[in-house]
file final03.txt (compact mmCIF, C-alpha atoms)
# COMPACT_ATOMS: atom_id res chain seq x y z
CA MET J 169 -50.63 -8.47 -77.08
CA THR J 170 -52.02 -6.80 -73.95
CA ARG J 171 -51.71 -8.24 -70.47
CA THR J 172 -55.48 -8.87 -70.50
CA ASP J 173 -55.11 -10.89 -73.72
CA GLN J 174 -52.30 -12.89 -72.17
CA LEU J 175 -54.43 -13.66 -69.13
CA ALA J 176 -57.35 -14.68 -71.31
CA ASN J 177 -55.29 -16.93 -73.58
CA ALA J 178 -53.55 -18.61 -70.66
CA SER J 179 -56.84 -19.36 -68.92
CA ALA J 180 -58.45 -20.56 -72.13
CA ALA J 181 -55.62 -23.03 -72.58
CA ARG J 182 -56.62 -24.55 -69.26
CA GLY J 183 -60.08 -25.30 -70.70
CA ARG J 184 -62.03 -24.34 -67.58
CA THR J 185 -65.80 -24.27 -67.90
CA VAL J 186 -67.95 -22.48 -65.35
CA LEU J 187 -71.68 -22.47 -64.64
CA ILE J 188 -73.04 -19.43 -62.79
CA SER J 189 -76.48 -19.64 -61.22
CA GLY J 190 -78.23 -16.26 -61.19
CA ALA J 191 -78.38 -13.34 -63.65
CA SER J 192 -79.15 -10.35 -61.45
CA ILE J 193 -76.05 -8.35 -60.43
CA ALA J 194 -73.37 -10.67 -59.05
CA GLY J 195 -73.85 -13.38 -61.68
CA PRO J 196 -73.38 -11.32 -64.86
CA ALA J 197 -70.59 -9.29 -63.22
CA LEU J 198 -68.80 -12.54 -62.37
CA ALA J 199 -69.40 -13.79 -65.92
CA TYR J 200 -67.88 -10.59 -67.31
CA TRP J 201 -64.63 -10.96 -65.37
CA LEU J 202 -64.32 -14.72 -65.86
CA ASN J 203 -64.78 -14.25 -69.59
CA ARG J 204 -62.05 -11.60 -69.57
CA TYR J 205 -59.75 -14.20 -68.02
CA GLY J 206 -60.60 -16.76 -70.69
CA PHE J 207 -63.07 -19.02 -68.87
CA ALA J 208 -65.91 -20.57 -70.85
CA VAL J 209 -68.96 -19.28 -68.98
CA THR J 210 -72.62 -20.30 -68.89
CA VAL J 211 -75.18 -18.36 -66.83
CA VAL J 212 -78.50 -19.96 -65.89
CA GLU J 213 -81.39 -17.82 -64.66
CA ARG J 214 -84.85 -18.88 -63.48
CA ALA J 215 -86.52 -15.74 -64.89
CA GLY J 216 -87.30 -15.55 -68.57
CA THR J 217 -85.14 -12.50 -69.20
CA VAL J 218 -83.08 -9.81 -67.49
CA ARG J 219 -85.41 -8.03 -65.11
CA ASP J 220 -85.84 -4.33 -65.77
CA GLY J 221 -87.25 -1.68 -63.47
CA GLY J 222 -86.99 -2.43 -59.79
CA TYR J 223 -86.20 -0.30 -56.80
CA PRO J 224 -83.10 1.94 -56.73
CA VAL J 225 -79.76 0.54 -55.54
CA ASP J 226 -76.50 2.19 -54.54
CA VAL J 227 -73.07 1.76 -56.10
CA ARG J 228 -70.45 3.15 -53.76
CA GLY J 229 -66.80 3.13 -52.87
CA THR J 230 -64.80 0.19 -54.16
CA ALA J 231 -67.71 -0.91 -56.37
CA LEU J 232 -67.35 2.29 -58.37
CA ASP J 233 -63.88 1.14 -59.39
CA VAL J 234 -65.35 -2.21 -60.50
CA VAL J 235 -67.94 -0.63 -62.83
CA ARG J 236 -65.31 1.81 -64.09
CA ARG J 237 -63.04 -1.10 -65.07
CA MET J 238 -66.05 -2.78 -66.74
CA GLY J 239 -66.58 0.31 -68.90
CA ILE J 240 -70.17 0.88 -67.77
CA LEU J 241 -69.61 3.81 -65.41
CA PRO J 242 -70.64 6.48 -67.99
CA ARG J 243 -73.93 4.68 -68.64
CA LEU J 244 -74.63 4.48 -64.93
CA ARG J 245 -73.73 8.14 -64.44
CA ASP J 246 -76.32 9.03 -67.09
CA ALA J 247 -78.93 6.99 -65.20
CA HIS J 248 -78.06 8.38 -61.75
CA ILE J 249 -81.20 9.31 -59.86
CA GLY J 250 -79.83 12.04 -57.66
CA LEU J 251 -82.43 12.31 -54.91
CA ARG J 252 -83.04 15.92 -53.93
CA ARG J 253 -84.30 15.41 -50.40
CA LEU J 254 -85.38 12.94 -47.76
CA THR J 255 -88.33 14.09 -45.68
CA PHE J 256 -89.28 12.49 -42.36
CA LEU J 257 -92.79 12.68 -40.92
CA ASP J 258 -94.08 11.88 -37.46
CA GLU J 259 -97.02 9.63 -36.65
CA ASP J 260 -99.47 12.49 -37.27
CA GLY J 261 -97.97 13.23 -40.69
CA ALA J 262 -96.22 16.44 -39.59
CA GLU J 263 -92.73 17.13 -40.91
CA VAL J 264 -89.88 16.27 -38.58
CA ALA J 265 -87.02 17.21 -40.90
CA SER J 266 -86.15 17.45 -44.58
CA VAL J 267 -82.50 16.64 -45.24
CA ASP J 268 -79.96 15.90 -47.90
CA PRO J 269 -80.17 12.08 -48.39
CA HIS J 270 -76.39 11.79 -48.19
CA ALA J 271 -76.47 13.13 -44.64
CA VAL J 272 -78.33 9.98 -43.60
CA THR J 273 -77.04 7.29 -45.98
CA GLY J 274 -73.36 8.17 -45.77
CA GLY J 275 -73.06 8.55 -49.54
CA VAL J 276 -70.90 11.15 -51.24
CA ALA J 277 -72.65 13.66 -53.51
CA GLY J 278 -71.19 13.81 -57.02
CA ARG J 279 -69.37 10.50 -56.65
CA ASP J 280 -71.60 7.69 -55.45
CA LEU J 281 -74.35 6.39 -57.69
CA GLU J 282 -77.98 5.48 -57.22
CA VAL J 283 -79.71 3.79 -60.15
CA ARG J 284 -82.68 1.55 -60.71
CA ARG J 285 -81.73 -2.06 -60.15
CA GLY J 286 -82.79 -2.95 -63.68
CA VAL J 287 -80.49 -0.28 -65.12
CA LEU J 288 -77.49 -1.77 -63.36
CA ALA J 289 -78.45 -5.33 -64.32
CA GLY J 290 -79.06 -4.29 -67.92
CA ALA J 291 -75.74 -2.49 -68.23
CA ILE J 292 -73.80 -5.50 -66.95
CA HIS J 293 -75.75 -7.91 -69.16
CA ASP J 294 -75.15 -5.77 -72.24
CA ALA J 295 -71.42 -5.77 -71.50
CA VAL J 296 -71.21 -9.58 -71.49
CA ARG J 297 -74.20 -11.02 -73.38
CA ASP J 298 -72.29 -11.57 -76.63
CA ASP J 299 -69.42 -13.39 -74.92
CA VAL J 300 -71.07 -15.91 -72.60
CA GLU J 301 -73.96 -18.36 -72.80
CA PHE J 302 -77.20 -17.35 -71.05
CA LEU J 303 -79.88 -19.94 -70.26
CA PHE J 304 -83.03 -18.06 -69.25
CA GLY J 305 -86.13 -19.78 -67.93
CA ASP J 306 -84.17 -22.59 -66.30
CA SER J 307 -82.32 -23.36 -63.07
CA ILE J 308 -80.16 -25.93 -61.35
CA ASP J 309 -81.98 -28.98 -60.00
CA THR J 310 -79.13 -31.16 -58.72
CA LEU J 311 -75.35 -31.04 -58.37
CA ASP J 312 -73.02 -34.03 -58.20
CA GLN J 313 -69.37 -33.22 -57.58
CA HIS J 314 -66.58 -35.62 -58.49
CA ARG J 315 -62.85 -35.55 -59.09
CA HIS J 316 -63.06 -34.09 -62.59
CA GLY J 317 -65.99 -31.68 -62.36
CA VAL J 318 -69.60 -31.08 -61.37
CA ASP J 319 -72.48 -32.92 -63.03
CA VAL J 320 -75.48 -30.60 -63.22
CA THR J 321 -79.09 -31.54 -63.86
CA PHE J 322 -81.27 -28.60 -64.89
CA ARG J 323 -84.95 -28.20 -64.06
CA GLY J 324 -85.64 -28.23 -67.79
CA GLY J 325 -84.19 -31.75 -68.02
CA ALA J 326 -80.78 -31.09 -69.58
CA ARG J 327 -77.60 -32.55 -68.06
CA ARG J 328 -74.14 -31.06 -68.40
CA THR J 329 -70.75 -31.19 -66.70
CA PHE J 330 -68.75 -28.12 -65.67
CA ASP J 331 -65.38 -27.66 -64.05
CA LEU J 332 -66.84 -25.20 -61.52
CA VAL J 333 -70.29 -24.05 -60.37
CA LEU J 334 -70.70 -20.62 -58.80
CA GLY J 335 -73.87 -19.62 -56.96
CA ALA J 336 -74.99 -16.02 -57.45
CA ASP J 337 -78.65 -16.77 -56.84
CA GLY J 338 -79.45 -14.40 -54.03
CA LEU J 339 -80.48 -14.39 -50.40
CA HIS J 340 -82.55 -17.57 -50.72
CA SER J 341 -79.90 -19.36 -52.79
CA HIS J 342 -80.78 -22.85 -54.04
CA THR J 343 -77.11 -23.47 -54.81
CA ARG J 344 -76.23 -22.77 -51.18
CA ALA J 345 -78.98 -25.11 -49.97
CA LEU J 346 -77.69 -27.93 -52.18
CA LEU J 347 -74.13 -27.64 -50.87
CA PHE J 348 -74.41 -26.31 -47.33
CA GLY J 349 -77.89 -27.20 -46.13
CA PRO J 350 -80.97 -25.22 -45.04
CA GLU J 351 -80.92 -21.44 -45.09
CA GLU J 352 -81.73 -21.32 -41.37
CA ARG J 353 -78.11 -22.27 -40.60
CA PHE J 354 -76.82 -19.02 -42.09
CA HIS J 355 -79.80 -16.69 -41.89
CA ARG J 356 -79.44 -13.82 -39.42
CA TYR J 357 -82.84 -12.21 -38.94
CA LEU J 358 -82.60 -8.49 -38.12
CA GLY J 359 -86.07 -8.06 -36.66
CA TYR J 360 -87.96 -6.45 -39.54
CA CYS J 361 -90.23 -7.43 -42.43
CA PHE J 362 -91.04 -5.32 -45.44
CA ALA J 363 -93.36 -5.16 -48.42
CA GLY J 364 -92.34 -3.30 -51.57
CA PHE J 365 -94.51 -2.46 -54.61
CA THR J 366 -95.20 0.31 -57.10
CA LEU J 367 -98.19 2.64 -57.18
CA ARG J 368 -99.36 5.72 -59.02
CA ASN J 369 -97.56 8.95 -58.16
CA THR J 370 -100.49 11.07 -57.05
CA PHE J 371 -98.34 12.80 -54.42
CA GLY J 372 -96.39 15.28 -56.58
CA LEU J 373 -93.07 13.73 -55.58
CA VAL J 374 -90.04 14.21 -57.86
CA ARG J 375 -86.68 12.55 -57.09
CA GLU J 376 -87.33 12.48 -53.38
CA THR J 377 -88.29 10.17 -50.54
CA THR J 378 -90.88 10.73 -47.84
CA MET J 379 -90.88 8.50 -44.77
CA TRP J 380 -93.60 8.25 -42.14
CA ASN J 381 -92.64 6.66 -38.82
CA ALA J 382 -94.44 5.28 -35.82
CA PRO J 383 -92.72 3.05 -33.26
CA GLY J 384 -91.91 -0.21 -35.03
CA ARG J 385 -93.58 0.86 -38.29
CA ALA J 386 -92.51 2.89 -41.32
CA ALA J 387 -94.18 3.81 -44.60
CA VAL J 388 -92.07 5.13 -47.45
CA LEU J 389 -92.82 6.78 -50.77
CA TYR J 390 -89.79 6.82 -53.06
CA ALA J 391 -89.96 8.82 -56.29
CA ALA J 392 -86.92 7.80 -58.33
CA GLY J 393 -87.79 10.23 -61.14
CA ASP J 394 -90.58 12.45 -62.35
CA ASP J 395 -92.66 9.67 -63.94
CA ASP J 396 -96.11 8.38 -63.08
CA ASP J 397 -95.05 5.73 -60.55
CA VAL J 398 -93.46 5.70 -57.11
CA HIS J 399 -92.06 2.88 -55.02
CA GLY J 400 -93.99 2.13 -51.88
CA PHE J 401 -92.46 0.37 -48.89
CA LEU J 402 -94.11 -0.75 -45.68
CA ASN J 403 -91.58 -1.85 -43.07
CA PHE J 404 -92.37 -3.18 -39.61
CA ALA J 405 -90.66 -4.77 -36.62
CA ARG J 406 -91.52 -8.37 -35.76
CA ALA J 407 -89.88 -10.59 -33.17
CA GLU J 408 -89.90 -13.72 -35.33
CA PRO J 409 -90.00 -14.16 -39.12
CA PRO J 410 -93.52 -14.90 -40.44
CA PHE J 411 -92.61 -18.25 -42.00
CA ASP J 412 -96.24 -19.08 -42.79
CA ALA J 413 -96.52 -16.07 -45.10
CA PHE J 414 -93.43 -16.56 -47.25
CA ARG J 415 -95.14 -18.54 -49.99
CA ASP J 416 -98.61 -17.02 -49.68
CA PRO J 417 -99.05 -13.51 -51.20
CA GLN J 418 -102.51 -13.16 -49.70
CA ALA J 419 -101.16 -13.98 -46.25
CA GLN J 420 -98.48 -11.33 -46.80
CA ARG J 421 -101.09 -8.72 -47.70
CA ASP J 422 -103.22 -9.67 -44.70
CA LEU J 423 -100.25 -9.47 -42.33
CA VAL J 424 -99.19 -6.02 -43.54
CA ALA J 425 -102.79 -4.74 -43.40
CA GLU J 426 -103.11 -5.98 -39.83
CA VAL J 427 -99.85 -4.38 -38.70
CA PHE J 428 -100.69 -1.00 -40.25
CA ASP J 429 -104.37 -0.95 -39.33
CA GLY J 430 -105.34 2.46 -37.99
CA ALA J 431 -102.20 4.23 -39.23
CA GLY J 432 -102.58 7.75 -40.57
CA TRP J 433 -100.94 9.88 -43.27
CA GLU J 434 -101.05 8.12 -46.70
CA VAL J 435 -100.90 4.63 -45.20
CA PRO J 436 -104.55 3.68 -45.97
CA GLY J 437 -103.90 4.48 -49.64
CA LEU J 438 -100.69 2.46 -49.58
CA LEU J 439 -102.58 -0.51 -48.16
CA ALA J 440 -105.19 -0.19 -50.90
CA ALA J 441 -102.44 -0.13 -53.55
CA LEU J 442 -100.78 -3.11 -51.88
CA ARG J 443 -103.93 -5.19 -52.27
CA ASP J 444 -103.92 -4.63 -56.04
CA ALA J 445 -100.16 -4.60 -56.69
CA ASP J 446 -98.93 -7.12 -59.26
CA ASP J 447 -95.26 -6.65 -58.31
CA LEU J 448 -95.44 -7.19 -54.55
CA PHE J 449 -92.10 -8.16 -53.04
CA PHE J 450 -92.30 -9.35 -49.44
CA ASP J 451 -89.38 -10.54 -47.34
CA VAL J 452 -87.61 -10.26 -44.03
CA VAL J 453 -84.70 -7.93 -43.38
CA SER J 454 -81.77 -10.25 -42.82
CA GLN J 455 -78.18 -11.15 -43.52
CA ILE J 456 -76.39 -14.30 -44.61
CA ARG J 457 -73.34 -15.12 -42.48
CA MET J 458 -71.22 -18.14 -43.41
CA ASP J 459 -67.95 -19.53 -42.08
CA ARG J 460 -66.91 -20.51 -45.61
CA TRP J 461 -68.12 -19.62 -49.08
CA SER J 462 -67.00 -22.70 -51.01
CA SER J 463 -67.22 -26.47 -50.95
CA GLY J 464 -65.20 -28.54 -53.40
CA ARG J 465 -65.77 -27.16 -56.88
CA VAL J 466 -68.68 -24.89 -55.90
CA ALA J 467 -68.51 -21.38 -54.43
CA LEU J 468 -70.94 -18.57 -53.61
CA VAL J 469 -70.85 -14.84 -54.32
CA GLY J 470 -73.00 -11.82 -53.51
CA ASP J 471 -76.17 -12.22 -51.46
CA ALA J 472 -75.94 -16.01 -51.69
CA ALA J 473 -72.78 -15.88 -49.58
CA TYR J 474 -72.98 -12.63 -47.62
CA ALA J 475 -76.22 -10.68 -48.05
CA PRO J 476 -75.75 -7.52 -45.93
CA SER J 477 -79.46 -6.41 -45.96
CA PHE J 478 -80.78 -3.16 -47.40
CA LEU J 479 -80.12 -1.46 -44.05
CA THR J 480 -76.46 -1.19 -45.06
CA GLY J 481 -77.11 0.07 -48.59
CA GLN J 482 -74.27 -2.20 -49.73
CA GLY J 483 -75.94 -5.24 -51.33
CA SER J 484 -75.19 -4.37 -54.95
CA SER J 485 -71.75 -2.99 -54.15
CA LEU J 486 -70.71 -6.16 -52.30
CA ALA J 487 -72.01 -8.22 -55.23
CA LEU J 488 -69.87 -6.24 -57.70
CA VAL J 489 -66.74 -6.33 -55.56
CA GLY J 490 -67.18 -9.99 -54.69
CA ALA J 491 -67.57 -10.93 -58.34
CA TYR J 492 -64.36 -9.10 -59.25
CA MET J 493 -62.44 -10.72 -56.40
CA LEU J 494 -63.70 -14.25 -57.07
CA ALA J 495 -62.97 -14.13 -60.80
CA GLY J 496 -59.52 -12.63 -60.30
CA SER J 497 -58.61 -15.11 -57.59
CA LEU J 498 -59.60 -18.06 -59.79
CA ALA J 499 -57.56 -16.65 -62.66
CA ALA J 500 -54.48 -15.87 -60.59
CA GLU J 501 -54.18 -19.01 -58.47
CA ARG J 502 -53.15 -22.53 -59.43
CA GLY J 503 -56.34 -24.55 -59.16
CA HIS J 504 -59.83 -23.78 -57.91
CA ALA J 505 -59.11 -24.69 -54.28
CA ALA J 506 -56.36 -22.08 -54.03
CA GLY J 507 -58.53 -19.61 -55.93
CA PHE J 508 -61.46 -20.04 -53.57
CA ALA J 509 -59.14 -19.73 -50.56
CA ALA J 510 -57.64 -16.49 -51.89
CA TYR J 511 -61.11 -15.09 -52.60
CA GLU J 512 -62.18 -15.64 -49.00
CA ARG J 513 -58.90 -14.47 -47.52
CA ASP J 514 -58.84 -11.20 -49.44
CA THR J 515 -62.56 -10.37 -49.44
CA ARG J 516 -63.97 -11.49 -46.10
CA GLY J 517 -62.69 -8.54 -44.08
CA PHE J 518 -64.33 -6.06 -46.46
CA VAL J 519 -67.57 -8.03 -46.41
CA THR J 520 -67.69 -8.28 -42.62
CA LEU J 521 -66.92 -4.60 -42.15
CA ASN J 522 -69.82 -3.67 -44.41
CA GLN J 523 -72.22 -6.18 -42.89
CA ASP J 524 -71.43 -4.71 -39.48
CA GLN J 525 -72.72 -1.32 -40.67
CA VAL J 526 -76.22 -2.68 -40.09
CA GLY J 527 -76.05 -1.30 -36.55
CA ARG J 528 -75.43 2.24 -37.79
CA GLY J 529 -76.76 4.84 -40.19
CA GLU J 530 -79.75 3.54 -42.08
CA ALA J 531 -80.66 1.05 -39.35
CA ALA J 532 -81.73 4.09 -37.32
CA LEU J 533 -84.39 4.82 -39.92
CA PHE J 534 -86.73 2.32 -38.25
CA PRO J 535 -86.82 2.85 -34.47
CA VAL J 536 -88.87 0.26 -32.61
CA THR J 537 -89.77 2.19 -29.45
CA ALA J 538 -91.25 5.65 -28.91
CA ARG J 539 -88.14 6.72 -27.01
CA ALA J 540 -85.81 5.56 -29.79
CA LEU J 541 -87.98 7.33 -32.36
CA GLU J 542 -87.79 10.60 -30.47
CA ARG J 543 -83.99 10.28 -30.22
CA ARG J 544 -83.84 9.65 -33.95
CA ASN J 545 -86.02 12.67 -34.66
CA ALA J 546 -83.89 14.89 -32.44
CA MET J 547 -80.81 13.74 -34.35
CA LEU J 548 -82.48 14.55 -37.67
CA ARG J 549 -83.45 18.05 -36.50
CA SER J 550 -79.85 18.75 -35.51
CA LEU J 551 -78.18 17.44 -38.67
CA GLY J 552 -77.42 20.94 -39.91
CA SER J 553 -75.50 21.78 -36.74
CA MET J 554 -73.70 18.46 -36.34
CA PRO J 555 -69.91 18.30 -36.80
CA PRO J 556 -68.54 16.65 -39.95
CA PRO J 557 -67.97 12.89 -39.77
CA ALA J 558 -64.69 11.62 -38.42
CA GLU J 559 -61.85 11.23 -40.84
CA GLY J 560 -60.86 7.79 -42.11
CA ARG J 561 -61.76 5.42 -44.88
CA PRO J 562 -65.48 4.49 -44.77
CA ALA J 563 -66.49 0.84 -44.87
CA HIS J 564 -67.57 0.92 -48.51
CA GLU J 565 -64.07 2.10 -49.53
CA ALA J 566 -62.12 -0.23 -47.25
CA LEU J 567 -60.84 -2.49 -50.04
CA VAL J 568 -58.52 -1.33 -52.80
CA LEU J 569 -59.01 -3.54 -55.86
CA PRO J 570 -55.92 -5.59 -56.67
CA GLU J 571 -54.53 -6.18 -60.13
CA PHE J 572 -54.62 -9.93 -60.64
CA ARG J 573 -51.78 -11.77 -62.36
CA LEU J 574 -51.64 -15.36 -63.52
CA PRO J 575 -48.90 -17.56 -62.00
CA GLY J 576 -45.91 -18.37 -64.13
call {"tool": "encode", "arguments": {"input": "final03.txt", "output": "structure tokens"}}
result
Amino acid sequence: MTRTDQLANASAARGRTVLISGASIAGPALAYWLNRYGFAVTVVERAGTVRDGGYPVDVRGTALDVVRRMGILPRLRDAHIGLRRLTFLDEDGAEVASVDPHAVTGGVAGRDLEVRRGVLAGAIHDAVRDDVEFLFGDSIDTLDQHRHGVDVTFRGGARRTFDLVLGADGLHSHTRALLFGPEERFHRYLGYCFAGFTLRNTFGLVRETTMWNAPGRAAVLYAAGDDDDVHGFLNFARAEPPFDAFRDPQAQRDLVAEVFDGAGWEVPGLLAALRDADDLFFDVVSQIRMDRWSSGRVALVGDAAYAPSFLTGQGSSLALVGAYMLAGSLAAERGHAAGFAAYERDTRGFVTLNQDQVGRGEAALFPVTARALERRNAMLRSLGSMPPPAEGRPAHEALVLPEFRLPG
């Protein structure tokens, strides 16, 4: 019998049942590892199925070791996008610089991965779907903790009791709101809003990104492959979050159109596509910062606990690493309280280091003032003559995955 089998059998003997809320990245990854350790796992997801497509995401550093241990690294390698270039344009549409994307993002060519979000989610789901229970088209309504478990009422009307509930339900986590209160307590707004959508690729772009900048505004065309669609992004600085637009798609479209009114290059066409887009995703650029990630028998993972924002490029990687660390800590410690404590103790430093990257690298992609934009452009023009980065372990590699062992 292998050590993994021993871990699984020992945990199964404990009879621990777990409900995970969310089936994007962190949730299924957590389900995979908990199942390996013998937990009986149920995953509930508001959407009707695993979402395919989506914008590209990065898998870097320590997260690469997680997907390797899950056995899905070859599949992700086959789906790697491999952007050829990143081209920056000024306000008039003239080229500022065309660079290797890794020179800006901090990624490592030939090692780090970039895949469509749906590819990553699908690979994780396929690795675990036959071993855990998935409840699609439903979500948690209420939680009632007591000495022996957590009573859960689902939106669909069902009621069940679990030993533990784990929230992997994203930046705007309902699980977090139920346990810790309103999102505003933990929401750190970073000063930007964005709208993302797909449109026809009439630009001849193939595996490349083109970014137009004006002070406080950016328009991006992202061709993840050589197909008929590209991802469009319109990003803009705003002093306060537009709370009145969050639940009103038309208000979102109107706000973006107002901000980008009069802009040149391909922006008028992007605004026209935005008006007709059926996959518009609008949100603020922000982080979640919490003093603790658990309460009683409930804990949070991924964006629900520590969303880093897309400015760091580490959202999916933190979700994968956090899922591995939470599952292993629960398996290795005696009782959920000790498990949750170990998860925070051993993961928080890595999370904080990566969240703090928001002030570097990709954050400079969206300068707010004309002076800052010119400094950014000068830096881009000089990339070829810049010295190599300083030695040392980068933030996304700052944690070496432990091998978890059960007590006794």
call {"tool": "closest_residue", "arguments": {"input": "final03.txt", "among": "J:Glu282, J:Asp226, J:Glu259, J:Glu376", "to": "Ala247 in chain J", "atoms": "only C-alpha atoms"}}
result
J:Glu282
call {"tool": "closest_residue", "arguments": {"input": "final03.txt", "among": "J:Ile308, J:Ala197, J:Val300, J:Ala425", "to": "Phe322 in chain J", "atoms": "only C-alpha atoms"}}
result
J:Ile308
call {"tool": "atom_distance", "arguments": {"input": "final03.txt", "atom1": "CA of Gln455 in chain J", "atom2": "CA of Val212 in chain J"}}
result
24.0 Å
call {"tool": "residues_around", "arguments": {"input": "final03.txt", "residues": "Gln313 in chain J", "least_positions_apart": "6", "cutoff": "8 Å", "atoms": "only C-alpha atoms", "output": "list in words"}}
result
Asp319, Gly464 and Arg465 of chain J
call {"tool": "closest_residue", "arguments": {"input": "final03.txt", "among": "J:Leu244, J:Leu339, J:Val469, J:Leu494", "to": "Arg356 in chain J", "atoms": "all atoms listed in the file"}}
result
J:Leu339
call {"tool": "axis_aligned_box", "arguments": {"input": "final03.txt", "around": "range 229-247 of chain J", "padding_each_side": "3 Å", "output": "lines of an AutoDock Vina configuration file"}}
result
center_x = -71.0
center_y = 3.1
center_z = -60.9
size_x = 21.9
size_y = 17.8
size_z = 22.0
call {"tool": "residues_near_point", "arguments": {"input": "final03.txt", "point": "(-99.6, 0.3, -37.1)", "cutoff": "9 Å", "atoms": "only C-alpha atoms", "output": "PyMOL selection string"}}
result
chain J and resi 382-386+404+425-432
call {"tool": "closest_residue", "arguments": {"input": "final03.txt", "among": "J:Asp416, J:Glu408, J:Asp396, J:Asp258", "to": "Phe449 in chain J", "atoms": "all atoms listed in the file"}}
result
J:Asp416
call {"tool": "atom_distance", "arguments": {"input": "final03.txt", "atom1": "CA of Arg502 in chain J", "atom2": "CA of Gly470 in chain J"}}
result
23.3 Å
call {"tool": "decode", "arguments": {"input": "final03.txt", "residues": "range 178-222 of chain J", "atoms": "C-alpha atoms", "output": "PDB file, in the first residue's frame"}}
result
ATOM      1  CA  ALA J 178      -6.780   6.986   7.601  1.00  0.00           C
ATOM      2  CA  SER J 179      -8.778  10.088   6.700  1.00  0.00           C
ATOM      3  CA  ALA J 180     -11.717   8.040   5.468  1.00  0.00           C
ATOM      4  CA  ALA J 181     -11.832   6.282   8.817  1.00  0.00           C
ATOM      5  CA  ARG J 182     -12.402   9.671  10.408  1.00  0.00           C
ATOM      6  CA  GLY J 183     -15.580  10.053   8.324  1.00  0.00           C
ATOM      7  CA  ARG J 184     -15.073  13.731   7.504  1.00  0.00           C
ATOM      8  CA  THR J 185     -17.493  15.258   5.020  1.00  0.00           C
ATOM      9  CA  VAL J 186     -16.716  18.540   3.286  1.00  0.00           C
ATOM     10  CA  LEU J 187     -18.805  20.951   1.229  1.00  0.00           C
ATOM     11  CA  ILE J 188     -16.893  23.235  -1.146  1.00  0.00           C
ATOM     12  CA  SER J 189     -18.662  26.266  -2.578  1.00  0.00           C
ATOM     13  CA  GLY J 190     -17.366  27.141  -6.047  1.00  0.00           C
ATOM     14  CA  ALA J 191     -16.239  25.068  -9.050  1.00  0.00           C
ATOM     15  CA  SER J 192     -13.881  27.379 -10.909  1.00  0.00           C
ATOM     16  CA  ILE J 193     -10.187  26.796 -10.075  1.00  0.00           C
ATOM     17  CA  ALA J 194      -9.669  26.715  -6.304  1.00  0.00           C
ATOM     18  CA  GLY J 195     -12.773  24.622  -5.572  1.00  0.00           C
ATOM     19  CA  PRO J 196     -12.102  21.614  -7.831  1.00  0.00           C
ATOM     20  CA  ALA J 197      -8.379  21.724  -6.995  1.00  0.00           C
ATOM     21  CA  LEU J 198      -9.251  21.598  -3.294  1.00  0.00           C
ATOM     22  CA  ALA J 199     -11.701  18.768  -3.979  1.00  0.00           C
ATOM     23  CA  TYR J 200      -8.971  16.831  -5.790  1.00  0.00           C
ATOM     24  CA  TRP J 201      -6.550  16.974  -2.867  1.00  0.00           C
ATOM     25  CA  LEU J 202      -9.158  16.380  -0.171  1.00  0.00           C
ATOM     26  CA  ASN J 203     -10.382  13.330  -2.050  1.00  0.00           C
ATOM     27  CA  ARG J 204      -6.809  12.052  -2.249  1.00  0.00           C
ATOM     28  CA  TYR J 205      -6.668  12.298   1.537  1.00  0.00           C
ATOM     29  CA  GLY J 206      -9.908  10.350   1.932  1.00  0.00           C
ATOM     30  CA  PHE J 207     -12.424  13.122   2.638  1.00  0.00           C
ATOM     31  CA  ALA J 208     -15.958  12.736   1.319  1.00  0.00           C
ATOM     32  CA  VAL J 209     -16.323  15.849  -0.840  1.00  0.00           C
ATOM     33  CA  THR J 210     -19.303  17.681  -2.334  1.00  0.00           C
ATOM     34  CA  VAL J 211     -18.844  20.725  -4.594  1.00  0.00           C
ATOM     35  CA  VAL J 212     -21.726  23.129  -5.175  1.00  0.00           C
ATOM     36  CA  GLU J 213     -21.616  25.603  -8.067  1.00  0.00           C
ATOM     37  CA  ARG J 214     -24.121  28.292  -9.035  1.00  0.00           C
ATOM     38  CA  ALA J 215     -23.437  27.868 -12.776  1.00  0.00           C
ATOM     39  CA  GLY J 216     -25.042  25.011 -14.646  1.00  0.00           C
ATOM     40  CA  THR J 217     -21.756  23.434 -15.692  1.00  0.00           C
ATOM     41  CA  VAL J 218     -18.001  23.958 -15.761  1.00  0.00           C
ATOM     42  CA  ARG J 219     -17.401  27.174 -17.657  1.00  0.00           C
ATOM     43  CA  ASP J 220     -15.292  26.820 -20.771  1.00  0.00           C
ATOM     44  CA  GLY J 221     -13.533  29.520 -22.747  1.00  0.00           C
ATOM     45  CA  GLY J 222     -12.651  32.625 -20.801  1.00  0.00           C
TER      46      GLY J 222
END
